[in-house]
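> One structure is given below, represented as structure tokens, and several questions about it will come after.
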Amino acid sequence: IGQSRIYIILGRRQLLSPSLARLNDKETPVNATLLTMCTAGVLALLFDIESLAEFVSIGTLVVFAMVNVAVIFRRYWLRGEGLSPRPVLWRLGLVAAASIATSVTFIEELPPSVPVVCIGLWALATATLLPLPVRYTPVTFRCPLQPWLPSFGVLLCLHLIGSLGWIAYVRWVVWWAASTCVYWFYGVHHTEQPEQQAPGGPPSEGRLTPSQPSLELVR
């Protein structure tokens, strides 16, 4: 279900055939659904279920980890303010390093005191984000308990990624490198961006804080 929606967006952006974005009279993406069915069938025919499960898992977990990182980064840094993102980036690096260390301690079955220390380091790294001024507060889809909840999401995602094994890492790196090359050499030059919303359009998605609390971000 979710994959057909991705094909629709890719079709609308001209990264794939525009026919994938077409809907029938019942507003059903027939072409995208058929392509999803065919690709899923071919993958199931050519690969064993364990390999597919690891491949899908690592891709999903990487995306979830990136989303959690982006939520934190977006909260404490805003483009156009002339401020360096380094204070946020090195703190996020500490969170990621502590999360990876915690995963390793569990996978290697080290003494219980070692994971406890690593979890404490993760909590300390997350706490370093608290003194930073909040630059962006969304109006809708707010994440509660920031930065603790998205930081905990990073910890869980990296821990699960660490349990997949090196073969899953190699597959993901190869796929990531190939898809990145396709995007930079083809997608960047063929993507059609959606038209910018004119003033007076839909409600805003967020606001800047604290320097410009009344300025709204338009979709």
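Labels for the structure tokens follow display order: chains A, B, ..., residues from 1 in each chain, ligands from 1.
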What lies within 8 Å of region 116-119 of chain A using only C-alpha atoms, ignoring chain neighbours under 4 positions off, as an MDAnalysis selection string?
chainID A and resid 98:99 101:102 112 123
> When DSSP is applied to the backbone of this structure, which of chain A are assigned alpha helix (DSSP H)? Write them out as a ChimeraX atom specification.
/A:2-12,30-46,49-76,86-107,113-127,148-162,166-182,188-190
> Convert the current residue selection to file output with C-alpha atoms, as a short mmCIF file (atom, residue, chain, number, x, y, z; two decimals), in the first residue's frame.

data_model
loop_
_atom_site.label_atom_id
_atom_site.label_comp_id
_atom_site.auth_asym_id
_atom_site.auth_seq_id
_atom_site.Cartn_x
_atom_site.Cartn_y
_atom_site.Cartn_z
CA GLY A 2 2.72 2.43 0.95
CA GLN A 3 4.93 1.59 -2.04
CA SER A 4 2.23 2.54 -4.55
CA ARG A 5 2.04 5.99 -2.96
CA ILE A 6 5.79 6.36 -3.38
CA TYR A 7 5.46 5.51 -7.07
CA ILE A 8 2.75 8.17 -7.38
CA ILE A 9 5.04 10.85 -5.94
CA LEU A 10 7.94 9.74 -8.14
CA GLY A 11 5.65 9.94 -11.15
CA ARG A 12 4.50 13.43 -10.24
CA VAL A 30 -3.99 1.47 -10.92
CA ASN A 31 -0.64 1.83 -12.69
CA ALA A 32 1.29 2.35 -9.47
CA THR A 33 -0.49 -0.60 -7.85
CA LEU A 34 0.29 -2.88 -10.80
CA LEU A 35 3.96 -1.88 -10.73
CA THR A 36 4.07 -2.55 -6.99
CA MET A 37 2.53 -5.97 -7.53
CA CYS A 38 5.03 -6.86 -10.28
CA THR A 39 8.13 -5.67 -8.43
CA ALA A 40 7.05 -7.42 -5.22
CA GLY A 41 6.44 -10.63 -7.14
CA VAL A 42 9.81 -10.51 -8.91
CA LEU A 43 11.68 -9.82 -5.66
CA ALA A 44 9.86 -12.67 -3.91
CA LEU A 45 10.76 -14.98 -6.81
CA LEU A 46 14.45 -14.12 -6.96
CA ILE A 49 12.54 -14.15 2.55
CA GLU A 50 15.36 -13.70 5.11
CA SER A 51 17.44 -11.58 2.76
CA LEU A 52 14.43 -9.49 1.79
CA ALA A 53 13.45 -9.05 5.43
CA GLU A 54 16.94 -7.82 6.36
CA PHE A 55 17.07 -5.51 3.34
CA VAL A 56 13.68 -3.99 4.03
CA SER A 57 14.41 -3.72 7.75
CA ILE A 58 17.69 -1.85 7.40
CA GLY A 59 16.22 0.54 4.85
CA THR A 60 13.22 1.30 7.05
CA LEU A 61 15.33 1.68 10.20
CA VAL A 62 17.77 4.04 8.48
CA VAL A 63 14.88 6.22 7.34
CA PHE A 64 13.32 6.23 10.81
CA ALA A 65 16.67 7.15 12.38
CA MET A 66 17.10 9.99 9.89
CA VAL A 67 13.62 11.29 10.63
CA ASN A 68 14.35 11.34 14.37
CA VAL A 69 17.63 13.17 13.75
CA ALA A 70 15.87 15.62 11.44
CA VAL A 71 13.23 16.41 14.08
CA ILE A 72 15.96 17.39 16.54
CA PHE A 73 18.03 19.26 13.95
CA ARG A 74 15.01 21.20 12.71
CA ARG A 75 14.12 22.23 16.24
CA TYR A 76 17.49 23.78 17.01
CA ARG A 86 27.86 22.79 14.11
CA PRO A 87 26.64 23.10 17.74
CA VAL A 88 23.66 20.92 16.84
CA LEU A 89 25.57 18.53 14.60
CA TRP A 90 28.28 17.61 17.10
CA ARG A 91 25.65 16.98 19.77
CA LEU A 92 23.75 14.74 17.37
CA GLY A 93 27.05 12.98 16.65
CA LEU A 94 27.43 12.27 20.36
CA VAL A 95 23.89 10.87 20.51
CA ALA A 96 24.59 8.59 17.52
CA ALA A 97 27.95 7.44 18.92
CA ALA A 98 26.46 6.63 22.32
CA SER A 99 23.58 4.79 20.63
CA ILE A 100 25.96 2.68 18.53
CA ALA A 101 28.09 1.91 21.59
CA THR A 102 24.98 0.82 23.48
CA SER A 103 24.00 -1.50 20.62
CA VAL A 104 27.46 -3.05 20.52
CA THR A 105 27.41 -3.78 24.25
CA PHE A 106 24.14 -5.70 23.90
CA ILE A 107 25.18 -7.58 20.76
CA SER A 113 27.42 -2.52 33.85
CA VAL A 114 28.79 -1.65 30.39
CA PRO A 115 25.37 -1.11 28.70
CA VAL A 116 24.27 0.91 31.72
CA VAL A 117 27.26 3.20 31.29
CA CYS A 118 26.59 3.58 27.56
CA ILE A 119 22.92 4.39 28.18
CA GLY A 120 24.06 6.98 30.69
CA LEU A 121 26.35 8.49 28.06
CA TRP A 122 23.41 8.58 25.63
CA ALA A 123 21.29 10.41 28.21
CA LEU A 124 24.15 12.85 28.84
CA ALA A 125 24.58 13.46 25.11
CA THR A 126 20.85 14.10 24.76
CA ALA A 127 20.92 16.49 27.72
CA TRP A 148 14.28 12.93 24.55
CA LEU A 149 11.70 11.10 22.45
CA PRO A 150 13.40 11.52 19.02
CA SER A 151 16.78 10.82 20.63
CA PHE A 152 15.36 7.61 22.07
CA GLY A 153 14.11 6.79 18.58
CA VAL A 154 17.67 7.13 17.29
CA LEU A 155 18.89 4.82 20.05
CA LEU A 156 16.33 2.13 19.22
CA CYS A 157 16.81 2.33 15.44
CA LEU A 158 20.61 2.10 15.64
CA HIS A 159 20.37 -0.76 18.12
CA LEU A 160 18.12 -2.72 15.76
CA ILE A 161 20.36 -1.91 12.80
CA GLY A 162 23.30 -3.29 14.76
CA TRP A 166 27.40 -7.09 8.12
CA ILE A 167 25.81 -8.63 5.01
CA ALA A 168 22.79 -6.35 5.45
CA TYR A 169 25.16 -3.38 5.76
CA VAL A 170 26.94 -4.25 2.51
CA ARG A 171 23.66 -4.64 0.63
CA TRP A 172 22.36 -1.35 1.95
CA VAL A 173 25.57 0.56 1.13
CA VAL A 174 25.58 -0.78 -2.45
CA TRP A 175 21.91 0.09 -2.90
CA TRP A 176 22.38 3.52 -1.33
CA ALA A 177 25.37 4.31 -3.57
CA ALA A 178 23.53 3.18 -6.71
CA SER A 179 20.35 5.13 -5.89
CA THR A 180 22.37 8.23 -4.98
CA CYS A 181 24.16 8.12 -8.34
CA VAL A 182 20.84 7.77 -10.15
CA VAL A 188 18.33 16.36 -10.09
CA HIS A 189 18.05 17.32 -13.76
CA HIS A 190 14.59 15.87 -14.40
#
> Just how far from CA of Leu78 (chain A) is CA of Phe141 (chain A), in Å to one decimal?
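A separation of 18.0 Å between them.
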> Calculate how many Å separate CA of Thr137 (chain A) from CA of Arg79 (chain A), rounding to one decimal.
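Between these atoms lies a distance of 14.0 Å.
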